[in-house]
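Notes follow the structure.
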Amino acid sequence: VQLALEQRPALVITDLMLPHLGGAELIATVRAEARARGEAPPPLILMTAASMAQAHLAGADALLRKPFHLIELEALLARFLEK
């Protein structure tokens, strides 16, 4: 979270299950902090092996189910970064 807030990346990819902070909390925090600064939050992609129901509840801009094919990741990157 700290890195995303300091570096302000063009896109964030996270897992749902993280060691110290869940992906849903990371997504909520990055969005809230960006909005508090008056900025649009970066696109947030959730990459997970968890159930899709859990993933949808996290509120990511896109979901990438593990295991995935590289072409799927490339398509999401193109979708969000080539605007």
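Ordering of the structure tokens sets the chain letters (A, B, ...); residue numbers start at 1 within each chain; ligands are numbered from 1 in the order shown.
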
Skipping near chain neighbours, those fewer than 4 positions away, what residues fall within 9 Å of region 73-78 of chain A using only C-alpha atoms, listed as a ChimeraX atom specification? /A:11,45,62,64,68-69,82-83

Output as a PyMOL selection string all residues of chain A that backbone DSSP marks as strand (DSSP E). chain A and resi 12-14+44-48+62-65

Write the residues of the preceding selection, restricted to all heavy atoms, as an mmCIF file, in the first residue's frame.
```cif
data_model
loop_
_atom_site.group_PDB
_atom_site.id
_atom_site.type_symbol
_atom_site.label_atom_id
_atom_site.label_comp_id
_atom_site.auth_asym_id
_atom_site.auth_seq_id
_atom_site.Cartn_x
_atom_site.Cartn_y
_atom_site.Cartn_z
ATOM 1 N N VAL A 12 -2.235 -1.094 -10.702
ATOM 2 C CA VAL A 12 -1.840 -1.952 -9.586
ATOM 3 C C VAL A 12 -2.414 -3.338 -9.817
ATOM 4 O O VAL A 12 -3.599 -3.478 -10.126
ATOM 5 C CB VAL A 12 -2.357 -1.400 -8.232
ATOM 6 C CG1 VAL A 12 -2.079 -2.383 -7.098
ATOM 7 C CG2 VAL A 12 -1.749 -0.047 -7.933
ATOM 8 N N ILE A 13 -1.557 -4.351 -9.676
ATOM 9 C CA ILE A 13 -1.998 -5.743 -9.724
ATOM 10 C C ILE A 13 -1.751 -6.330 -8.347
ATOM 11 O O ILE A 13 -0.649 -6.214 -7.805
ATOM 12 C CB ILE A 13 -1.217 -6.557 -10.779
ATOM 13 C CG1 ILE A 13 -1.426 -5.971 -12.169
ATOM 14 C CG2 ILE A 13 -1.657 -8.023 -10.741
ATOM 15 C CD1 ILE A 13 -0.580 -6.624 -13.242
ATOM 16 N N THR A 14 -2.770 -6.937 -7.765
ATOM 17 C CA THR A 14 -2.634 -7.512 -6.434
ATOM 18 C C THR A 14 -3.338 -8.860 -6.377
ATOM 19 O O THR A 14 -4.183 -9.171 -7.205
ATOM 20 C CB THR A 14 -3.205 -6.570 -5.356
ATOM 21 O OG1 THR A 14 -2.913 -7.117 -4.063
ATOM 22 C CG2 THR A 14 -4.699 -6.380 -5.504
ATOM 23 N N LEU A 44 -7.134 -1.105 -10.782
ATOM 24 C CA LEU A 44 -6.721 -2.142 -9.841
ATOM 25 C C LEU A 44 -7.156 -3.500 -10.377
ATOM 26 O O LEU A 44 -8.350 -3.753 -10.544
ATOM 27 C CB LEU A 44 -7.326 -1.874 -8.475
ATOM 28 C CG LEU A 44 -6.819 -0.576 -7.858
ATOM 29 C CD1 LEU A 44 -7.884 0.140 -7.084
ATOM 30 C CD2 LEU A 44 -5.614 -0.846 -7.000
ATOM 31 N N ILE A 45 -6.178 -4.344 -10.667
ATOM 32 C CA ILE A 45 -6.438 -5.685 -11.188
ATOM 33 C C ILE A 45 -6.200 -6.684 -10.066
ATOM 34 O O ILE A 45 -5.155 -6.664 -9.421
ATOM 35 C CB ILE A 45 -5.532 -6.012 -12.386
ATOM 36 C CG1 ILE A 45 -5.823 -5.050 -13.536
ATOM 37 C CG2 ILE A 45 -5.717 -7.464 -12.817
ATOM 38 C CD1 ILE A 45 -4.889 -5.218 -14.723
ATOM 39 N N LEU A 46 -7.166 -7.544 -9.854
ATOM 40 C CA LEU A 46 -7.057 -8.568 -8.831
ATOM 41 C C LEU A 46 -6.727 -9.887 -9.502
ATOM 42 O O LEU A 46 -7.482 -10.380 -10.335
ATOM 43 C CB LEU A 46 -8.375 -8.664 -8.068
ATOM 44 C CG LEU A 46 -8.418 -9.603 -6.890
ATOM 45 C CD1 LEU A 46 -7.401 -9.193 -5.835
ATOM 46 C CD2 LEU A 46 -9.806 -9.633 -6.295
ATOM 47 N N MET A 47 -5.573 -10.441 -9.164
ATOM 48 C CA MET A 47 -5.122 -11.724 -9.684
ATOM 49 C C MET A 47 -5.271 -12.719 -8.540
ATOM 50 O O MET A 47 -4.660 -12.531 -7.481
ATOM 51 C CB MET A 47 -3.658 -11.603 -10.121
ATOM 52 C CG MET A 47 -3.124 -12.819 -10.770
ATOM 53 S SD MET A 47 -1.401 -12.712 -11.340
ATOM 54 C CE MET A 47 -0.894 -11.048 -11.148
ATOM 55 N N THR A 48 -6.096 -13.751 -8.716
ATOM 56 C CA THR A 48 -6.380 -14.620 -7.582
ATOM 57 C C THR A 48 -6.773 -16.034 -7.980
ATOM 58 O O THR A 48 -7.273 -16.257 -9.073
ATOM 59 C CB THR A 48 -7.487 -13.999 -6.712
ATOM 60 O OG1 THR A 48 -7.649 -14.779 -5.531
ATOM 61 C CG2 THR A 48 -8.802 -13.929 -7.458
ATOM 62 N N ALA A 62 -10.754 -5.147 -12.577
ATOM 63 C CA ALA A 62 -10.717 -6.342 -13.426
ATOM 64 C C ALA A 62 -10.228 -7.513 -12.594
ATOM 65 O O ALA A 62 -9.528 -7.341 -11.599
ATOM 66 C CB ALA A 62 -9.797 -6.127 -14.621
ATOM 67 N N LEU A 63 -10.612 -8.705 -13.016
ATOM 68 C CA LEU A 63 -10.216 -9.923 -12.324
ATOM 69 C C LEU A 63 -9.436 -10.818 -13.267
ATOM 70 O O LEU A 63 -9.790 -10.958 -14.442
ATOM 71 C CB LEU A 63 -11.454 -10.678 -11.829
ATOM 72 C CG LEU A 63 -12.393 -9.896 -10.923
ATOM 73 C CD1 LEU A 63 -13.649 -10.709 -10.658
ATOM 74 C CD2 LEU A 63 -11.707 -9.544 -9.632
ATOM 75 N N LEU A 64 -8.391 -11.423 -12.743
ATOM 76 C CA LEU A 64 -7.579 -12.357 -13.506
ATOM 77 C C LEU A 64 -7.472 -13.623 -12.665
ATOM 78 O O LEU A 64 -6.857 -13.615 -11.602
ATOM 79 C CB LEU A 64 -6.201 -11.762 -13.785
ATOM 80 C CG LEU A 64 -5.289 -12.495 -14.733
ATOM 81 C CD1 LEU A 64 -5.938 -12.664 -16.105
ATOM 82 C CD2 LEU A 64 -3.976 -11.745 -14.878
ATOM 83 N N ARG A 65 -8.122 -14.669 -13.113
ATOM 84 C CA ARG A 65 -8.186 -15.926 -12.357
ATOM 85 C C ARG A 65 -6.912 -16.736 -12.569
ATOM 86 O O ARG A 65 -6.498 -16.954 -13.697
ATOM 87 C CB ARG A 65 -9.405 -16.718 -12.816
ATOM 88 C CG ARG A 65 -9.558 -18.044 -12.160
ATOM 89 C CD ARG A 65 -10.449 -17.918 -10.942
ATOM 90 N NE ARG A 65 -10.808 -19.254 -10.493
ATOM 91 C CZ ARG A 65 -10.581 -19.675 -9.269
ATOM 92 N NH1 ARG A 65 -10.067 -18.873 -8.390
ATOM 93 N NH2 ARG A 65 -10.908 -20.884 -8.920
#
```

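Nearest to Ala53 (chain A) of all the residues A:Ile71, A:Leu5, A:Ala36, A:Leu16 is A:Leu16, counting only C-alpha atoms.
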
Env of Ala40 (chain A): 12 Å cut, atoms = only C-alpha atoms, seq-sep filter 2 positions within chain, self excluded. Answer as number ranges by chain. A: 8-11, 30-38, 42-44

My list of candidates is A:Leu81, A:Ala4, A:Ile27, A:Leu21. Which is closest to Ala55 (chain A) when distances are computed with only C-alpha atoms? A:Ile27

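In this model, the gap between CA of Gly59 (chain A) and CA of Ala24 (chain A) comes to 7.0 Å.
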
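Atom pair CA of Ala58 (chain A) / CA of Pro41 (chain A) has a distance of 15.0 Å (rounded to one decimal).
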
Mind giving me the straight-line distance from CA of Arg79 (chain A) to CA of Asp61 (chain A) in Å, one decimal? 11.0 Å
